[in-house]
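Before any comments, here is the structure.
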Amino acid sequence: MCRTVLFTALASFLAAPATLAQPPTKKRSDLVPSTISDEARQFLMKGTPIAERNPQTLEDWREKRKEMAALGQSLYEASSHKYAGEAELLCFQSNDGHVVKVHRMTPETLSVVDEDKAIMHIHGGGFCVMSPKSTYCVCAPLANLTGLRVYCVEYRLAPEHPFPAAMDDCVTAYKGIIKQVHPQNL
């Protein structure tokens with residue numbers, strides 16, 4: 001049934017007139033909510049230099065990654081000292097021999113009721129930027145707040161490793177994690 005709904009939605013999208021594919025252009029000021037503070041509005045009106053520059057070459061991607069890594073490092077430094085749990089690096093080998101790193105964060109107080117449950121976190125970045133270190137400020141508090149172990153996949157990044165490399169890494173990580181955590185509990 002799910003497949004039928006998906007294919008129906010895809011067919012409707014593809015059959016739609018081309019004019020629907022182009023969203024109306026809005027000014028940045030139209031996108032910034034009026035219900036927030038003046039300081040927040042000014043910040044959002046400026047935009048982010050990282051998001052506004054679309055990489056065109058491999059060198060552009062590398063530069064964007066450096067910028068994002070610097071941001072991630074600052075987030076890591078700001079949050080790592082607040083995390084009292086245990087961080088551990090696991091490695092799982094794919095069928096083609098590639099080793100996938102997975103960062104497992106165990107909270108300071110592991111939930112006794114949910115000890116057999118865990119969260120698999122696939123960090124953002126569109127499979128081309130960011131890293132588990134840059135999302136440490138998300139995973140560490142998530143582990144502490146839920147009382148569950150959090151597994152964060154360090155997948156290969158495009159464009160150096162084109163699709164489906166990152167997806168393959170996530171599947172390899174999942175297969176490795178479910179040897180430790182029942183799939184229904186992940």
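The chains in the structure tokens are called A, B, ... from first to last as shown; in each chain the residues are counted from 1, and the ligands are counted from 1 in the order shown.
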Pick out the residues sitting within 8 Å of range 182-186 of chain A, and hand them over as a ChimeraX atom specification; count only C-alpha atoms, and ignore anything fewer than 5 positions along from it in its own chain. /A:116-120
Could you name the residues that touch Tyr136 in chain A at 10 Å or less, counting only C-alpha atoms, but leaving out those on the same chain fewer than 3 positions away, as a list of chain:residue names?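 Within the cut-off, the hits are A:Gly72, A:Gln73, A:Leu75, A:Tyr76, A:Glu77, A:Ala78, A:Ser79, A:Ser80, A:Tyr83, A:His103, A:Met105, A:His123, A:Ser131, A:Pro132, A:Lys133, A:Cys139, A:Ala140, A:Pro141, A:Leu142, A:Cys152.
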State, in Å with one decimal place, the distance from CA of Glu86 in chain A to CA of Arg156 in chain A.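 Atom-to-atom, CA of Glu86 in chain A and CA of Arg156 in chain A are spaced 24.3 Å apart.
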Which residues are near range 163-170 of chain A? Cut-off 8 Å, only C-alpha atoms, ignore same chain within fewer than 6 positions. Put them as a VMD selection string. chain A and resid 94 100 122 127 153 to 157
